[in-house]
Structures are given as structure tokens and as C-alpha cells.
Amino acid sequence: MLYRKILKNGEELSILGFGCMRLPEKEDGTIDEERAARQVRFAIDHGINYIDTAWPYHMGESEPFLGRALTGGYREKVKLATKLPSWLVESREDMDRFLNAQLERLNTDHIDYYLIHGLAGEVWDKLEPLGVTDFLNKAKADGRITNAGFSFHGSIEDFKRIVDTYPWTFCQIQYNFMDEKHQAGTEGLGYAASKGLGIIIMEPLLGGNLASPVPPEVEEIWNEAEVKRTPAEWAFRWVWSHPEVTVVLSGMNEESQVEENLKIADEAYPDSLTEAEVQLVSRVEQKYRQLMKIGCTGCQYCMPCPSGVNIPECFSIYNNLHMFGNADGAKFTYAIRMSGVFTNSEPGGFASQCIECGQCMEKCPQSLKIPDLLKAVTEELEGPDLEQRMAMAKQLFKKS
């Protein structure tokens, strides 16, 4: 495992961090705690020392899970990061209430790296008058948190303004080879580094969209490389090649993912991609822009939808339709997923259930125009034969 230093405190952090937003789940949607704990502990045993979670992950169960998983000496081996749920804060007292609850949920007396979650300009402008800087100062002074930072999903102008407003130790931004000019982007990466901040990267695979399966047209480009790598390795190495990056978070939930990512993190030095390889990645980025219609990362912040739309699933199937060009396959997959056959439930989750209430757009870190996009999903994946396709799906899986 390679490590990089946070300049403001001198701590060496593993370049790979374990993100706990996408832990393995059981069929009922709850965390598979036995399996997840094995994965987290295996990662720590092999050098990972940065673990990231947040109040809402896994419907609020990620923090309590970690409180149990990090017993037996594992808490002492890691730097633990979690986040103040900024959208739930209405008063200065709320900030202390959430932090104290998180300390209890995580079974710890301090948070090593505490972030204000999901900042954008308007969120910061709401929190600052409520006393968020006073909260951070006092929480650091009394030892409940050690380092203060923020995660960000806004404009570059607001990012710079927030960086300059408080003596942060670190920040967390979305960054991958598709997001160089999105949100903080490459400009924000350089700006934060110039101020001495440690930089934690989220969504290096754009919600898994840059891993597998890979569209054939993208795979053809990857196959031109002299050194053969998996798509995930290319994406990770591209991020780690930036010397400004401190830690890259990965929401691992398969043992194979943990093992592959650990191996990559043993070799991913700054500036380690050749110019030819950088150009190859740029060509892949351009091809994805042609094929990928919706920049959804599957974070599920938009869920639950009050009208019952399964927004991330709708967008995933729609993207696959356009990246792989199999219209019949995508339509049948949509019918299967929405038929309730896998969950033994009534049909539901359709894009056409959207009533355009707009609640999802308020929550979306990517600022997607979700209702408009759901109309496109409805047009291409539903249609008059949807009932027939769902009946076929139920019959097929009943037999199997």
C-alpha cells in the first residue's frame, strides 16, 4: 500500500480509502454485516487506514455497522471519517446533536476526519449564519473531532469561496476522467492543493460506470494500450497519477474488488501514466461522452421517490441501452426489474410514475434534471408492449 501525506497535520493516509456507501447487502436490502465486516477488516489488514461513511448511507445503518465492525482493535488502526448531514441542520444545536449521535453510533469518542456533507454555495450560505464555523472550532477544541473538512457538489466559484472561508485540513471532491470540468474539477483540485489541503476523491469510477461492463467501442480503445489494464485500473491510475490527490475512495462490495484495488494501490505513483496513456484515456472519455446519456452515479440520494420511481435503476438501464445499443435487451431488463418478480412484490418503480414534484432535483449531487430525463426513459423503455414484457418476465422467472 502506498501512502500520501496531509500537509496540514503530517499524517500519512493510504491512497486507497474504503467508502461505506455501497456495502454488500442481503436480499432484503440490509447490510450483509458478516460479509461487509470481513471486507473492511481484510482491507485494513492489507494497509488501508482511511474509512469513510456518512449519516444517510445504507438508510442510516452504515455508521452503526462500522461501530461494530471496527471493534477488536480495528478502530485504533484507522482514521475514521464521517459527515454532518447539512441538509438536516436547522440550528446551531442540531450540529452538536448530530455529531454526538454519530459518536455513539460509531462507538468512538472522536472522529478523525469530520466533513460538512454535500456543500454547494447555497448550502454553505445557510450553514454559516447558523454558526457552523463556531461548531467546528468547539468540536475540535473539546476533542470530538480532530480534522475539519467538507465534501462538495457545486460550482468552482463556490468551491474556491468555501476553501478560503475556513482553515480546513482537507476537502472531498468528485473527480474522474469524465469530471475534469464538472463541479470542482481539475481547477478545484489545483486550488485546494495550493492552499495545502488534503484532497479526498469520491466517485473515481463515476458510480461504477467506468468499470465493467464496458461498451465495445470503449473496449477497442483500451485494447490499443501497450500495457493491458482493466477499465477500473485505468480509471484509478488516472486519478492517482495526479500528485495533488491524497486518498481515493472506493465503494467496494465484492471481495474481488477489494483485492484488485489493493493491488493497484501498491503501484499507483504520482505522474505514473505516460503521455501516450494519458491521450488514450482522453479518447475513452470522448467516446463515453458520445455514448453515456445520463451522468448518474447511483448514489441514491434522490431516493426514496415520493411517487415510487426507482430513479437510479431507470437511469442505469437507460444508459446501458445507449452504451450497448441492445434496445430489445434493455426493454426486457426494464420489464424484469419493474415487474417485482425479483422482490416478490407488486410492479412499480416505473419512470412514468414521476409527477415532477422536483424533490429529487433538490437532492441530486450531479444537478441532473431528473423529471425531464425520466420522460426520456419512459419514451424509450416503456410503450404499449410493457405489460406483455412484464408478463413474459414473470412467466420466465416462475419457471426458473
# chains A, B, ... in the order shown; residues from 1 in each chain; ligands from 1
>>> residues_around(residues="Gln39 in chain A", least_positions_apart="3", cutoff="8 Å", atoms="only C-alpha atoms", output="list of chain:residue names")
A:Arg35, A:Ala36, A:Phe42, A:Ala43, A:Asn253, A:Glu255, A:Val258
>>> write_last_selection(atoms="C-alpha atoms", output="PDB file, in the first residue's frame")
ATOM      1  CA  ARG A  35     -19.507 -10.207   4.750  1.00  0.00           C
ATOM      2  CA  ALA A  36     -19.034  -6.440   4.906  1.00  0.00           C
ATOM      3  CA  PHE A  42      -9.304  -7.520   5.200  1.00  0.00           C
ATOM      4  CA  ALA A  43      -8.732  -4.091   3.665  1.00  0.00           C
ATOM      5  CA  ASN A 253     -18.674  -4.616  -2.043  1.00  0.00           C
ATOM      6  CA  GLU A 255     -14.080  -9.454  -2.494  1.00  0.00           C
ATOM      7  CA  VAL A 258     -11.105  -5.236  -2.674  1.00  0.00           C
TER       8      VAL A 258
END
>>> select_by_dssp(residues="range 48-172 of chain A", states="strand (DSSP E or B)", output="number ranges by chain")
A: 50-52, 79-84, 111-119, 145-152, 170-172
>>> write_last_selection(atoms="N, CA and C atoms", output="compact mmCIF listing (two decimals), in the first residue's frame")
# COMPACT_ATOMS: atom_id res chain seq x y z
N TYR A 50 -7.91 4.54 6.01
CA TYR A 50 -8.90 5.62 5.93
C TYR A 50 -10.25 5.01 5.57
N ILE A 51 -11.22 5.17 6.47
CA ILE A 51 -12.56 4.61 6.30
C ILE A 51 -13.56 5.74 6.30
N ASP A 52 -14.42 5.78 5.27
CA ASP A 52 -15.35 6.90 5.08
C ASP A 52 -16.80 6.41 5.14
N LYS A 79 -8.07 5.91 10.39
CA LYS A 79 -8.60 7.25 10.51
C LYS A 79 -10.04 7.19 10.03
N LEU A 80 -10.95 7.53 10.89
CA LEU A 80 -12.38 7.39 10.61
C LEU A 80 -12.97 8.73 10.16
N ALA A 81 -13.68 8.70 9.05
CA ALA A 81 -14.30 9.91 8.51
C ALA A 81 -15.81 9.74 8.43
N THR A 82 -16.54 10.74 8.90
CA THR A 82 -17.98 10.80 8.65
C THR A 82 -18.37 12.26 8.48
N LYS A 83 -19.68 12.51 8.31
CA LYS A 83 -20.10 13.82 7.81
C LYS A 83 -21.34 14.35 8.53
N LEU A 84 -21.35 15.65 8.75
CA LEU A 84 -22.53 16.33 9.27
C LEU A 84 -23.58 16.40 8.16
N ILE A 111 -14.00 11.69 16.03
CA ILE A 111 -13.96 11.47 14.59
C ILE A 111 -12.67 12.08 14.07
N ASP A 112 -11.85 11.28 13.40
CA ASP A 112 -10.56 11.77 12.93
C ASP A 112 -10.70 12.81 11.83
N TYR A 113 -11.58 12.55 10.88
CA TYR A 113 -11.79 13.46 9.75
C TYR A 113 -13.29 13.70 9.61
N TYR A 114 -13.73 14.90 10.01
CA TYR A 114 -15.16 15.22 10.03
C TYR A 114 -15.45 16.22 8.93
N LEU A 115 -16.44 15.90 8.09
CA LEU A 115 -16.77 16.74 6.95
C LEU A 115 -18.16 17.35 7.08
N ILE A 116 -18.32 18.55 6.57
CA ILE A 116 -19.65 19.10 6.33
C ILE A 116 -20.09 18.50 4.99
N HIS A 117 -21.20 17.80 5.00
CA HIS A 117 -21.58 16.95 3.88
C HIS A 117 -22.27 17.73 2.75
N GLY A 118 -21.81 17.45 1.51
CA GLY A 118 -22.52 17.90 0.33
C GLY A 118 -22.63 19.40 0.16
N LEU A 119 -21.55 20.13 0.40
CA LEU A 119 -21.63 21.58 0.29
C LEU A 119 -21.76 22.04 -1.17
N ILE A 145 -13.86 16.06 17.35
CA ILE A 145 -13.31 15.85 16.01
C ILE A 145 -11.86 16.32 16.01
N THR A 146 -11.08 15.75 15.11
CA THR A 146 -9.66 16.10 15.04
C THR A 146 -9.37 17.02 13.87
N ASN A 147 -9.90 16.69 12.70
CA ASN A 147 -9.66 17.48 11.49
C ASN A 147 -10.99 17.84 10.84
N ALA A 148 -11.10 19.07 10.40
CA ALA A 148 -12.34 19.55 9.78
C ALA A 148 -12.17 19.67 8.27
N GLY A 149 -13.20 19.21 7.56
CA GLY A 149 -13.19 19.30 6.10
C GLY A 149 -14.61 19.40 5.57
N PHE A 150 -14.75 19.29 4.27
CA PHE A 150 -16.08 19.34 3.66
C PHE A 150 -16.08 18.53 2.37
N SER A 151 -17.23 17.97 2.05
CA SER A 151 -17.41 17.35 0.73
C SER A 151 -18.21 18.32 -0.13
N PHE A 152 -18.02 18.23 -1.45
CA PHE A 152 -18.50 19.32 -2.30
C PHE A 152 -19.17 18.81 -3.56
N PHE A 170 -8.77 19.48 5.06
CA PHE A 170 -8.94 18.66 3.86
C PHE A 170 -10.30 18.94 3.23
N CYS A 171 -10.49 18.43 2.03
CA CYS A 171 -11.78 18.51 1.36
C CYS A 171 -11.99 17.22 0.57
N GLN A 172 -13.22 17.01 0.14
CA GLN A 172 -13.55 15.81 -0.64
C GLN A 172 -14.32 16.25 -1.87
>>> residues_around(residues="Ala193 in chain A", least_positions_apart="6", cutoff="12 Å", atoms="only C-alpha atoms", output="list in words")
Lys5, Ile6, Leu7, Lys8, Lys160, Val163, Trp168, Thr169, Phe170, Cys171, Gln172, Thr186, Glu187, Ile199, Ile200, His242, Pro243, Glu244, Val245 and Thr246 of chain A
>>> closest_residue(among="A:Met95, A:Ala192, A:Leu386, A:Leu280", to="Phe177 in chain A", atoms="only C-alpha atoms")
A:Leu280
>>> closest_residue(among="A:Gly60, A:Lys287, A:Lys394, A:Glu254", to="Glu220 in chain A", atoms="only C-alpha atoms")
A:Lys287
>>> closest_atom_pairs(of="range 274-347 of chain A", to="range 19-26 of chain A", cutoff="10 Å", atoms="only C-alpha atoms", output="CSV")
residue,atom,partner,partner_atom,distance
A:Gly298,CA,A:Arg22,CA,9.7
A:Cys299,CA,A:Met21,CA,7.9
A:Gln300,CA,A:Met21,CA,9.7
>>> residues_around(residues="Leu66 in chain A", least_positions_apart="3", cutoff="10 Å", atoms="only C-alpha atoms", output="PyMOL selection string")
chain A and resi 20+33+36-37+40+51-53+61-63+69-71+75+80+105-107
>>> write_last_selection(atoms="N, CA and C atoms", output="short mmCIF file (atom, residue, chain, number, x, y, z; two decimals), in the first residue's frame")
data_model
loop_
_atom_site.label_atom_id
_atom_site.label_comp_id
_atom_site.auth_asym_id
_atom_site.auth_seq_id
_atom_site.Cartn_x
_atom_site.Cartn_y
_atom_site.Cartn_z
N CYS A 20 -17.98 3.50 2.54
CA CYS A 20 -19.02 2.61 3.08
C CYS A 20 -20.42 3.04 2.66
N GLU A 33 -23.81 -7.79 7.15
CA GLU A 33 -22.78 -7.33 8.09
C GLU A 33 -21.60 -8.29 8.20
N ALA A 36 -19.59 -7.79 4.96
CA ALA A 36 -19.03 -6.44 4.91
C ALA A 36 -17.91 -6.26 5.92
N ALA A 37 -18.10 -6.79 7.11
CA ALA A 37 -17.06 -6.67 8.15
C ALA A 37 -15.79 -7.40 7.72
N VAL A 40 -14.07 -5.11 5.16
CA VAL A 40 -13.45 -3.94 5.78
C VAL A 40 -12.19 -4.34 6.55
N ILE A 51 -11.22 5.17 6.47
CA ILE A 51 -12.56 4.61 6.30
C ILE A 51 -13.56 5.74 6.30
N ASP A 52 -14.42 5.78 5.27
CA ASP A 52 -15.35 6.90 5.08
C ASP A 52 -16.80 6.41 5.14
N THR A 53 -17.60 7.14 5.89
CA THR A 53 -19.04 6.85 5.95
C THR A 53 -19.80 8.16 6.08
N GLU A 61 -27.69 3.01 8.36
CA GLU A 61 -27.11 1.86 9.05
C GLU A 61 -25.61 1.73 8.86
N SER A 62 -25.00 2.54 7.99
CA SER A 62 -23.57 2.41 7.73
C SER A 62 -22.74 2.76 8.97
N GLU A 63 -23.09 3.86 9.64
CA GLU A 63 -22.33 4.25 10.84
C GLU A 63 -22.44 3.21 11.95
N ALA A 69 -18.12 -3.17 13.37
CA ALA A 69 -17.08 -3.81 12.57
C ALA A 69 -15.67 -3.42 13.01
N LEU A 70 -15.53 -2.24 13.60
CA LEU A 70 -14.20 -1.76 13.97
C LEU A 70 -13.81 -2.07 15.41
N THR A 71 -14.55 -2.98 16.03
CA THR A 71 -14.16 -3.43 17.37
C THR A 71 -12.96 -4.38 17.25
N ARG A 75 -10.56 -0.12 15.25
CA ARG A 75 -10.77 1.33 15.30
C ARG A 75 -9.45 2.06 15.48
N LEU A 80 -10.95 7.53 10.89
CA LEU A 80 -12.38 7.39 10.61
C LEU A 80 -12.97 8.73 10.16
N ARG A 105 -23.14 6.20 17.54
CA ARG A 105 -23.39 5.20 16.50
C ARG A 105 -22.10 4.51 16.08
N LEU A 106 -21.02 5.28 16.02
CA LEU A 106 -19.73 4.74 15.59
C LEU A 106 -18.93 4.13 16.73
N ASN A 107 -19.47 4.19 17.94
CA ASN A 107 -18.82 3.57 19.10
C ASN A 107 -17.40 4.11 19.29
#
>>> residues_around(residues="Val309 in chain A", least_positions_apart="3", cutoff="6 Å", atoms="only C-alpha atoms", output="PDB file with C-alpha atoms, in the first residue's frame")
ATOM      1  CA  CYS A 305     -39.038   8.938  -4.507  1.00  0.00           C
ATOM      2  CA  GLY A 349     -40.658   1.908  -9.919  1.00  0.00           C
ATOM      3  CA  PHE A 350     -41.558   2.997 -13.452  1.00  0.00           C
ATOM      4  CA  ALA A 351     -40.204   6.238 -14.877  1.00  0.00           C
ATOM      5  CA  GLN A 353     -44.803   7.314 -12.223  1.00  0.00           C
TER       6      GLN A 353
END
>>> closest_residue(among="A:Pro64, A:Gly10, A:Gly185, A:Pro312", to="Ile294 in chain A", atoms="only C-alpha atoms")
A:Pro312
>>> select_by_dssp(residues="range 77-249 of chain A", states="helix (DSSP H, G or I)", output="PyMOL selection string")
chain A and resi 77+86-88+92-105+121-130+132-141+156-163+185-194+216-222+231-240
>>> atom_distance(atom1="CA of Ile336 in chain A", atom2="CA of Gly383 in chain A")
14.7 Å
>>> closest_residue(among="A:Met303, A:Ala232, A:Ile162, A:Ala120", to="Pro56 in chain A", atoms="only C-alpha atoms")
A:Met303
>>> atom_distance(atom1="CA of Glu180 in chain A", atom2="CA of Glu285 in chain A")
10.3 Å
>>> residues_around(residues="Gln388 in chain A", least_positions_apart="5", cutoff="12 Å", atoms="only C-alpha atoms", output="list of chain:residue names")
A:Lys331, A:Phe332, A:Ala335, A:Ile336, A:Ser339, A:Glu382, A:Gly383, A:Ala393, A:Lys394, A:Gln395
>>> write_last_selection(atoms="C-alpha atoms", output="PDB file, in the first residue's frame")
ATOM      1  CA  LYS A 331     -36.556  -3.078 -22.702  1.00  0.00           C
ATOM      2  CA  PHE A 332     -36.773  -6.624 -21.368  1.00  0.00           C
ATOM      3  CA  ALA A 335     -39.663  -5.029 -17.617  1.00  0.00           C
ATOM      4  CA  ILE A 336     -37.955  -7.589 -15.385  1.00  0.00           C
ATOM      5  CA  SER A 339     -42.239  -6.288 -12.644  1.00  0.00           C
ATOM      6  CA  GLU A 382     -41.969   1.680 -21.704  1.00  0.00           C
ATOM      7  CA  GLY A 383     -44.542   1.841 -24.520  1.00  0.00           C
ATOM      8  CA  ALA A 393     -40.671 -11.906 -17.378  1.00  0.00           C
ATOM      9  CA  LYS A 394     -42.909 -13.250 -14.616  1.00  0.00           C
ATOM     10  CA  GLN A 395     -43.565 -16.431 -16.568  1.00  0.00           C
TER      11      GLN A 395
END
>>> atom_distance(atom1="CA of Asn176 in chain A", atom2="CA of Leu373 in chain A")
22.9 Å
>>> residues_around(residues="Gly348 in chain A", least_positions_apart="3", cutoff="7 Å", atoms="only C-alpha atoms", output="list of chain:residue names")
A:Gly308, A:Met338, A:Ser339, A:Gly340
>>> write_last_selection(atoms="C-alpha atoms", output="PDB file, in the first residue's frame")
ATOM      1  CA  GLY A 308     -42.214   5.325  -6.045  1.00  0.00           C
ATOM      2  CA  MET A 338     -40.022  -3.184 -12.635  1.00  0.00           C
ATOM      3  CA  SER A 339     -42.239  -6.288 -12.644  1.00  0.00           C
ATOM      4  CA  GLY A 340     -41.495  -7.122  -8.990  1.00  0.00           C
TER       5      GLY A 340
END
>>> closest_residue(among="A:Glu128, A:Glu226, A:Glu12, A:Asp28", to="Val89 in chain A", atoms="only C-alpha atoms")
A:Glu128
>>> decode(residues="range 368-397 of chain A", atoms="N, CA and C atoms", output="PDB file, in the first residue's frame")
ATOM      1  N   LEU A 368     -28.794  16.836 -11.870  1.00  0.00           N
ATOM      2  CA  LEU A 368     -29.498  16.307 -13.036  1.00  0.00           C
ATOM      3  C   LEU A 368     -30.935  16.818 -13.064  1.00  0.00           C
ATOM      4  N   LYS A 369     -31.444  17.064 -14.267  1.00  0.00           N
ATOM      5  CA  LYS A 369     -32.847  17.436 -14.444  1.00  0.00           C
ATOM      6  C   LYS A 369     -33.661  16.150 -14.520  1.00  0.00           C
ATOM      7  N   ILE A 370     -33.853  15.541 -13.355  1.00  0.00           N
ATOM      8  CA  ILE A 370     -34.372  14.180 -13.282  1.00  0.00           C
ATOM      9  C   ILE A 370     -35.744  14.015 -13.925  1.00  0.00           C
ATOM     10  N   PRO A 371     -36.719  14.875 -13.661  1.00  0.00           N
ATOM     11  CA  PRO A 371     -38.029  14.673 -14.306  1.00  0.00           C
ATOM     12  C   PRO A 371     -37.955  14.651 -15.831  1.00  0.00           C
ATOM     13  N   ASP A 372     -37.156  15.537 -16.403  1.00  0.00           N
ATOM     14  CA  ASP A 372     -37.011  15.548 -17.861  1.00  0.00           C
ATOM     15  C   ASP A 372     -36.371  14.265 -18.355  1.00  0.00           C
ATOM     16  N   LEU A 373     -35.371  13.791 -17.627  1.00  0.00           N
ATOM     17  CA  LEU A 373     -34.691  12.563 -18.027  1.00  0.00           C
ATOM     18  C   LEU A 373     -35.604  11.354 -17.888  1.00  0.00           C
ATOM     19  N   LEU A 374     -36.466  11.363 -16.881  1.00  0.00           N
ATOM     20  CA  LEU A 374     -37.411  10.255 -16.721  1.00  0.00           C
ATOM     21  C   LEU A 374     -38.419  10.208 -17.866  1.00  0.00           C
ATOM     22  N   LYS A 375     -38.730  11.367 -18.430  1.00  0.00           N
ATOM     23  CA  LYS A 375     -39.604  11.381 -19.606  1.00  0.00           C
ATOM     24  C   LYS A 375     -38.945  10.656 -20.770  1.00  0.00           C
ATOM     25  N   ALA A 376     -37.621  10.850 -20.926  1.00  0.00           N
ATOM     26  CA  ALA A 376     -36.894  10.167 -21.999  1.00  0.00           C
ATOM     27  C   ALA A 376     -36.862   8.662 -21.748  1.00  0.00           C
ATOM     28  N   VAL A 377     -36.695   8.267 -20.472  1.00  0.00           N
ATOM     29  CA  VAL A 377     -36.717   6.844 -20.130  1.00  0.00           C
ATOM     30  C   VAL A 377     -38.078   6.247 -20.467  1.00  0.00           C
ATOM     31  N   THR A 378     -39.135   6.955 -20.090  1.00  0.00           N
ATOM     32  CA  THR A 378     -40.492   6.486 -20.376  1.00  0.00           C
ATOM     33  C   THR A 378     -40.692   6.269 -21.870  1.00  0.00           C
ATOM     34  N   GLU A 379     -40.239   7.230 -22.643  1.00  0.00           N
ATOM     35  CA  GLU A 379     -40.446   7.177 -24.087  1.00  0.00           C
ATOM     36  C   GLU A 379     -39.731   5.985 -24.726  1.00  0.00           C
ATOM     37  N   GLU A 380     -38.508   5.689 -24.235  1.00  0.00           N
ATOM     38  CA  GLU A 380     -37.717   4.654 -24.901  1.00  0.00           C
ATOM     39  C   GLU A 380     -37.844   3.266 -24.277  1.00  0.00           C
ATOM     40  N   LEU A 381     -38.247   3.176 -23.010  1.00  0.00           N
ATOM     41  CA  LEU A 381     -38.237   1.867 -22.347  1.00  0.00           C
ATOM     42  C   LEU A 381     -39.617   1.354 -21.950  1.00  0.00           C
ATOM     43  N   GLU A 382     -40.640   2.176 -22.078  1.00  0.00           N
ATOM     44  CA  GLU A 382     -41.969   1.680 -21.704  1.00  0.00           C
ATOM     45  C   GLU A 382     -42.770   1.377 -22.981  1.00  0.00           C
ATOM     46  N   GLY A 383     -43.800   2.098 -23.297  1.00  0.00           N
ATOM     47  CA  GLY A 383     -44.542   1.841 -24.520  1.00  0.00           C
ATOM     48  C   GLY A 383     -45.673   0.843 -24.327  1.00  0.00           C
ATOM     49  N   PRO A 384     -46.470   0.618 -25.365  1.00  0.00           N
ATOM     50  CA  PRO A 384     -47.691  -0.194 -25.255  1.00  0.00           C
ATOM     51  C   PRO A 384     -47.451  -1.678 -24.971  1.00  0.00           C
ATOM     52  N   ASP A 385     -46.243  -2.177 -25.240  1.00  0.00           N
ATOM     53  CA  ASP A 385     -45.988  -3.604 -25.016  1.00  0.00           C
ATOM     54  C   ASP A 385     -45.342  -3.888 -23.663  1.00  0.00           C
ATOM     55  N   LEU A 386     -45.299  -2.882 -22.764  1.00  0.00           N
ATOM     56  CA  LEU A 386     -44.648  -3.083 -21.465  1.00  0.00           C
ATOM     57  C   LEU A 386     -45.342  -4.170 -20.648  1.00  0.00           C
ATOM     58  N   GLU A 387     -46.670  -4.168 -20.610  1.00  0.00           N
ATOM     59  CA  GLU A 387     -47.406  -5.180 -19.846  1.00  0.00           C
ATOM     60  C   GLU A 387     -47.083  -6.577 -20.366  1.00  0.00           C
ATOM     61  N   GLN A 388     -47.006  -6.712 -21.672  1.00  0.00           N
ATOM     62  CA  GLN A 388     -46.684  -8.005 -22.263  1.00  0.00           C
ATOM     63  C   GLN A 388     -45.281  -8.460 -21.866  1.00  0.00           C
ATOM     64  N   ARG A 389     -44.334  -7.524 -21.888  1.00  0.00           N
ATOM     65  CA  ARG A 389     -42.964  -7.865 -21.499  1.00  0.00           C
ATOM     66  C   ARG A 389     -42.898  -8.273 -20.029  1.00  0.00           C
ATOM     67  N   MET A 390     -43.628  -7.586 -19.152  1.00  0.00           N
ATOM     68  CA  MET A 390     -43.623  -7.950 -17.737  1.00  0.00           C
ATOM     69  C   MET A 390     -44.250  -9.324 -17.523  1.00  0.00           C
ATOM     70  N   ALA A 391     -45.313  -9.634 -18.268  1.00  0.00           N
ATOM     71  CA  ALA A 391     -45.936 -10.950 -18.155  1.00  0.00           C
ATOM     72  C   ALA A 391     -44.962 -12.041 -18.578  1.00  0.00           C
ATOM     73  N   MET A 392     -44.219 -11.788 -19.645  1.00  0.00           N
ATOM     74  CA  MET A 392     -43.210 -12.743 -20.092  1.00  0.00           C
ATOM     75  C   MET A 392     -42.126 -12.933 -19.038  1.00  0.00           C
ATOM     76  N   ALA A 393     -41.710 -11.821 -18.404  1.00  0.00           N
ATOM     77  CA  ALA A 393     -40.671 -11.906 -17.378  1.00  0.00           C
ATOM     78  C   ALA A 393     -41.150 -12.740 -16.186  1.00  0.00           C
ATOM     79  N   LYS A 394     -42.370 -12.505 -15.762  1.00  0.00           N
ATOM     80  CA  LYS A 394     -42.909 -13.250 -14.616  1.00  0.00           C
ATOM     81  C   LYS A 394     -42.999 -14.733 -14.947  1.00  0.00           C
ATOM     82  N   GLN A 395     -43.445 -15.040 -16.166  1.00  0.00           N
ATOM     83  CA  GLN A 395     -43.565 -16.431 -16.568  1.00  0.00           C
ATOM     84  C   GLN A 395     -42.202 -17.097 -16.631  1.00  0.00           C
ATOM     85  N   LEU A 396     -41.212 -16.385 -17.180  1.00  0.00           N
ATOM     86  CA  LEU A 396     -39.872 -16.930 -17.321  1.00  0.00           C
ATOM     87  C   LEU A 396     -39.266 -17.249 -15.961  1.00  0.00           C
ATOM     88  N   PHE A 397     -39.354 -16.302 -15.045  1.00  0.00           N
ATOM     89  CA  PHE A 397     -38.706 -16.499 -13.745  1.00  0.00           C
ATOM     90  C   PHE A 397     -39.514 -17.386 -12.827  1.00  0.00           C
TER      91      PHE A 397
END
